[in-house]
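Everything below concerns the one structure shown next.
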Amino acid sequence: MTVEQMTDRINELYHKSQEEGLSDAEKAEQKELRQAYVANVRANLRGQLNNISIVEKDGSVTDLGKKYGENNE
């Protein structure tokens with residue numbers, strides 16, 4: 001399931017919960033989809049942060065992914 005499909009289904013379940021309520025199976029699906037979505041966002045953010053490099057005043061380059069990200073996951 002793509003992120004767009006996941007988001008659409010989460011929104012459908014939310015609107016249904018506001019209008020008529022959800023069955024236990026739908027509540028479980030909603031919870032599972034939300035957890036998967038949050039995990040995906042965290043993984044994408046971690047990937048972006050691991051690709052940041054800082055150029056120090058002395059001209060050296062510090063790769064923050066190597067310094068913090070890969071060792072501290």
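We name chains A, B, ... following the order of the structure tokens; residues begin at 1 in each chain, and ligands are numbered from 1 as shown.
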
For Lys31 of chain A, work out the shell of residues within 12 Å, counting only C-alpha atoms and skipping chain neighbours fewer than 3 positions away, then give it as a PDB file with all heavy atoms, in the first residue's frame.
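The resulting out_14.pdb:
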ATOM      1  N   MET A   6      -2.618   4.824   1.872  1.00  0.00           N
ATOM      2  CA  MET A   6      -2.716   4.697   3.318  1.00  0.00           C
ATOM      3  C   MET A   6      -3.397   5.935   3.915  1.00  0.00           C
ATOM      4  O   MET A   6      -4.296   5.816   4.751  1.00  0.00           O
ATOM      5  CB  MET A   6      -1.304   4.537   3.909  1.00  0.00           C
ATOM      6  CG  MET A   6      -1.253   4.048   5.309  1.00  0.00           C
ATOM      7  SD  MET A   6       0.433   3.873   5.941  1.00  0.00           S
ATOM      8  CE  MET A   6       1.263   2.939   4.683  1.00  0.00           C
ATOM      9  N   ARG A   9      -7.137   5.968   3.119  1.00  0.00           N
ATOM     10  CA  ARG A   9      -7.893   5.015   3.947  1.00  0.00           C
ATOM     11  C   ARG A   9      -8.014   5.510   5.385  1.00  0.00           C
ATOM     12  O   ARG A   9      -9.075   5.384   6.011  1.00  0.00           O
ATOM     13  CB  ARG A   9      -7.226   3.637   3.900  1.00  0.00           C
ATOM     14  CG  ARG A   9      -7.985   2.582   4.661  1.00  0.00           C
ATOM     15  CD  ARG A   9      -9.367   2.323   4.090  1.00  0.00           C
ATOM     16  NE  ARG A   9     -10.028   1.302   4.885  1.00  0.00           N
ATOM     17  CZ  ARG A   9     -11.318   1.198   5.043  1.00  0.00           C
ATOM     18  NH1 ARG A   9     -12.139   2.030   4.400  1.00  0.00           N
ATOM     19  NH2 ARG A   9     -11.836   0.250   5.796  1.00  0.00           N
ATOM     20  N   ILE A  10      -6.942   6.102   5.923  1.00  0.00           N
ATOM     21  CA  ILE A  10      -6.999   6.679   7.275  1.00  0.00           C
ATOM     22  C   ILE A  10      -8.065   7.758   7.324  1.00  0.00           C
ATOM     23  O   ILE A  10      -8.864   7.822   8.268  1.00  0.00           O
ATOM     24  CB  ILE A  10      -5.624   7.233   7.702  1.00  0.00           C
ATOM     25  CG1 ILE A  10      -4.640   6.096   7.936  1.00  0.00           C
ATOM     26  CG2 ILE A  10      -5.744   8.095   8.962  1.00  0.00           C
ATOM     27  CD1 ILE A  10      -3.191   6.537   8.113  1.00  0.00           C
ATOM     28  N   LEU A  13     -11.620   6.254   7.213  1.00  0.00           N
ATOM     29  CA  LEU A  13     -12.003   5.693   8.510  1.00  0.00           C
ATOM     30  C   LEU A  13     -12.288   6.797   9.528  1.00  0.00           C
ATOM     31  O   LEU A  13     -13.208   6.678  10.341  1.00  0.00           O
ATOM     32  CB  LEU A  13     -10.909   4.754   9.029  1.00  0.00           C
ATOM     33  CG  LEU A  13     -10.761   3.448   8.256  1.00  0.00           C
ATOM     34  CD1 LEU A  13      -9.507   2.704   8.695  1.00  0.00           C
ATOM     35  CD2 LEU A  13     -11.990   2.572   8.426  1.00  0.00           C
ATOM     36  N   TYR A  14     -11.538   7.876   9.477  1.00  0.00           N
ATOM     37  CA  TYR A  14     -11.797   8.987  10.396  1.00  0.00           C
ATOM     38  C   TYR A  14     -13.175   9.586  10.147  1.00  0.00           C
ATOM     39  O   TYR A  14     -13.947   9.792  11.086  1.00  0.00           O
ATOM     40  CB  TYR A  14     -10.723  10.068  10.254  1.00  0.00           C
ATOM     41  CG  TYR A  14     -11.096  11.328  10.993  1.00  0.00           C
ATOM     42  CD1 TYR A  14     -10.993  11.379  12.377  1.00  0.00           C
ATOM     43  CD2 TYR A  14     -11.586  12.440  10.329  1.00  0.00           C
ATOM     44  CE1 TYR A  14     -11.373  12.513  13.071  1.00  0.00           C
ATOM     45  CE2 TYR A  14     -11.965  13.576  11.011  1.00  0.00           C
ATOM     46  CZ  TYR A  14     -11.850  13.611  12.389  1.00  0.00           C
ATOM     47  OH  TYR A  14     -12.232  14.740  13.073  1.00  0.00           O
ATOM     48  N   LEU A  22     -17.159   3.212  14.171  1.00  0.00           N
ATOM     49  CA  LEU A  22     -16.408   2.137  13.525  1.00  0.00           C
ATOM     50  C   LEU A  22     -16.630   0.818  14.251  1.00  0.00           C
ATOM     51  O   LEU A  22     -16.842   0.782  15.457  1.00  0.00           O
ATOM     52  CB  LEU A  22     -14.902   2.444  13.558  1.00  0.00           C
ATOM     53  CG  LEU A  22     -14.424   3.688  12.816  1.00  0.00           C
ATOM     54  CD1 LEU A  22     -12.940   3.888  13.055  1.00  0.00           C
ATOM     55  CD2 LEU A  22     -14.718   3.593  11.337  1.00  0.00           C
ATOM     56  N   ASP A  24     -15.143  -2.917  15.512  1.00  0.00           N
ATOM     57  CA  ASP A  24     -13.882  -3.260  16.159  1.00  0.00           C
ATOM     58  C   ASP A  24     -12.790  -3.557  15.132  1.00  0.00           C
ATOM     59  O   ASP A  24     -11.627  -3.180  15.314  1.00  0.00           O
ATOM     60  CB  ASP A  24     -14.063  -4.458  17.089  1.00  0.00           C
ATOM     61  CG  ASP A  24     -14.880  -4.106  18.328  1.00  0.00           C
ATOM     62  OD1 ASP A  24     -14.931  -2.904  18.685  1.00  0.00           O
ATOM     63  OD2 ASP A  24     -15.446  -5.033  18.942  1.00  0.00           O
ATOM     64  N   ALA A  25     -13.151  -4.205  14.044  1.00  0.00           N
ATOM     65  CA  ALA A  25     -12.184  -4.522  12.987  1.00  0.00           C
ATOM     66  C   ALA A  25     -11.679  -3.241  12.327  1.00  0.00           C
ATOM     67  O   ALA A  25     -10.487  -3.117  12.024  1.00  0.00           O
ATOM     68  CB  ALA A  25     -12.811  -5.436  11.949  1.00  0.00           C
ATOM     69  N   GLU A  26     -12.575  -2.296  12.110  1.00  0.00           N
ATOM     70  CA  GLU A  26     -12.177  -1.023  11.497  1.00  0.00           C
ATOM     71  C   GLU A  26     -11.306  -0.210  12.449  1.00  0.00           C
ATOM     72  O   GLU A  26     -10.363   0.455  12.014  1.00  0.00           O
ATOM     73  CB  GLU A  26     -13.410  -0.226  11.083  1.00  0.00           C
ATOM     74  CG  GLU A  26     -14.126  -0.823   9.888  1.00  0.00           C
ATOM     75  CD  GLU A  26     -15.467  -0.181   9.601  1.00  0.00           C
ATOM     76  OE1 GLU A  26     -16.139   0.289  10.553  1.00  0.00           O
ATOM     77  OE2 GLU A  26     -15.849  -0.153   8.422  1.00  0.00           O
ATOM     78  N   LYS A  27     -11.606  -0.250  13.731  1.00  0.00           N
ATOM     79  CA  LYS A  27     -10.760   0.442  14.720  1.00  0.00           C
ATOM     80  C   LYS A  27      -9.356  -0.142  14.719  1.00  0.00           C
ATOM     81  O   LYS A  27      -8.363   0.588  14.781  1.00  0.00           O
ATOM     82  CB  LYS A  27     -11.368   0.344  16.112  1.00  0.00           C
ATOM     83  CG  LYS A  27     -12.579   1.216  16.315  1.00  0.00           C
ATOM     84  CD  LYS A  27     -13.135   1.049  17.719  1.00  0.00           C
ATOM     85  CE  LYS A  27     -14.437   1.814  17.880  1.00  0.00           C
ATOM     86  NZ  LYS A  27     -15.020   1.633  19.222  1.00  0.00           N
ATOM     87  N   ALA A  28      -9.256  -1.459  14.643  1.00  0.00           N
ATOM     88  CA  ALA A  28      -7.953  -2.120  14.609  1.00  0.00           C
ATOM     89  C   ALA A  28      -7.203  -1.754  13.326  1.00  0.00           C
ATOM     90  O   ALA A  28      -5.999  -1.487  13.358  1.00  0.00           O
ATOM     91  CB  ALA A  28      -8.127  -3.625  14.705  1.00  0.00           C
ATOM     92  N   ARG A  34      -2.373   3.894  11.108  1.00  0.00           N
ATOM     93  CA  ARG A  34      -1.735   5.068  11.721  1.00  0.00           C
ATOM     94  C   ARG A  34      -0.318   4.740  12.167  1.00  0.00           C
ATOM     95  O   ARG A  34       0.599   5.536  11.974  1.00  0.00           O
ATOM     96  CB  ARG A  34      -2.563   5.564  12.903  1.00  0.00           C
ATOM     97  CG  ARG A  34      -3.809   6.298  12.487  1.00  0.00           C
ATOM     98  CD  ARG A  34      -4.606   6.737  13.696  1.00  0.00           C
ATOM     99  NE  ARG A  34      -5.755   7.542  13.308  1.00  0.00           N
ATOM    100  CZ  ARG A  34      -6.709   7.911  14.134  1.00  0.00           C
ATOM    101  NH1 ARG A  34      -6.673   7.547  15.415  1.00  0.00           N
ATOM    102  NH2 ARG A  34      -7.716   8.652  13.713  1.00  0.00           N
ATOM    103  N   GLN A  35      -0.118   3.571  12.768  1.00  0.00           N
ATOM    104  CA  GLN A  35       1.213   3.178  13.215  1.00  0.00           C
ATOM    105  C   GLN A  35       2.165   3.026  12.028  1.00  0.00           C
ATOM    106  O   GLN A  35       3.320   3.448  12.086  1.00  0.00           O
ATOM    107  CB  GLN A  35       1.150   1.883  14.016  1.00  0.00           C
ATOM    108  CG  GLN A  35       0.532   2.050  15.380  1.00  0.00           C
ATOM    109  CD  GLN A  35       0.339   0.724  16.114  1.00  0.00           C
ATOM    110  OE1 GLN A  35       0.388  -0.341  15.509  1.00  0.00           O
ATOM    111  NE2 GLN A  35       0.120   0.820  17.416  1.00  0.00           N
ATOM    112  N   ALA A  36       1.688   2.426  10.953  1.00  0.00           N
ATOM    113  CA  ALA A  36       2.510   2.256   9.755  1.00  0.00           C
ATOM    114  C   ALA A  36       2.860   3.611   9.138  1.00  0.00           C
ATOM    115  O   ALA A  36       3.996   3.833   8.694  1.00  0.00           O
ATOM    116  CB  ALA A  36       1.780   1.386   8.735  1.00  0.00           C
ATOM    117  N   TYR A  37       1.887   4.530   9.128  1.00  0.00           N
ATOM    118  CA  TYR A  37       2.119   5.861   8.573  1.00  0.00           C
ATOM    119  C   TYR A  37       3.178   6.605   9.385  1.00  0.00           C
ATOM    120  O   TYR A  37       4.115   7.184   8.826  1.00  0.00           O
ATOM    121  CB  TYR A  37       0.806   6.651   8.532  1.00  0.00           C
ATOM    122  CG  TYR A  37       0.973   8.036   7.980  1.00  0.00           C
ATOM    123  CD1 TYR A  37       1.011   8.252   6.609  1.00  0.00           C
ATOM    124  CD2 TYR A  37       1.099   9.147   8.818  1.00  0.00           C
ATOM    125  CE1 TYR A  37       1.173   9.522   6.087  1.00  0.00           C
ATOM    126  CE2 TYR A  37       1.271  10.417   8.305  1.00  0.00           C
ATOM    127  CZ  TYR A  37       1.301  10.598   6.930  1.00  0.00           C
ATOM    128  OH  TYR A  37       1.477  11.855   6.425  1.00  0.00           O
ATOM    129  N   VAL A  38       3.052   6.575  10.704  1.00  0.00           N
ATOM    130  CA  VAL A  38       4.015   7.260  11.568  1.00  0.00           C
ATOM    131  C   VAL A  38       5.409   6.643  11.408  1.00  0.00           C
ATOM    132  O   VAL A  38       6.413   7.362  11.348  1.00  0.00           O
ATOM    133  CB  VAL A  38       3.548   7.238  13.043  1.00  0.00           C
ATOM    134  CG1 VAL A  38       4.646   7.692  13.979  1.00  0.00           C
ATOM    135  CG2 VAL A  38       2.317   8.103  13.210  1.00  0.00           C
TER     136      VAL A  38
END

When DSSP works through the backbone of this structure, what residues of segment 8-67 of chain A end up as alpha helix (DSSP H), shown as a PyMOL selection string? chain A and resi 8-19+24-50+64

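Ranking A:Val55, A:Tyr68, A:Thr62, A:Thr2 by their shortest atom-to-atom distance to Leu33 of chain A, with only C-alpha atoms included, puts A:Thr2 first.
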
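Counting only C-alpha atoms and comparing A:Thr7, A:Gly69, A:Gln30, A:Val61, the residue that lies closest to Gln48 of chain A is A:Gly69.
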
| field | Who sits within 12 Å of Ile54 of chain A, only C-alpha atoms, same chain under 4 positions skipped, as an MDAnalysis selection string | value | chainID A and resid 49:50 58:67

- From a DSSP pass on the backbone, collect the residues of chain A flagged as strand (DSSP E or B) and hand them back as a PyMOL selection string. chain A and resi 53-55+61-63

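The space separating atom CA of Glu4 of chain A from atom CA of Ala43 of chain A comes to 16.1 Å.
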
Here atom CA of Glu56 of chain A and atom CA of Arg42 of chain A stand apart by 27.5 Å

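Interatomic distance, atom CA of Asn44 of chain A to atom CA of Glu12 of chain A: 24.0 Å.
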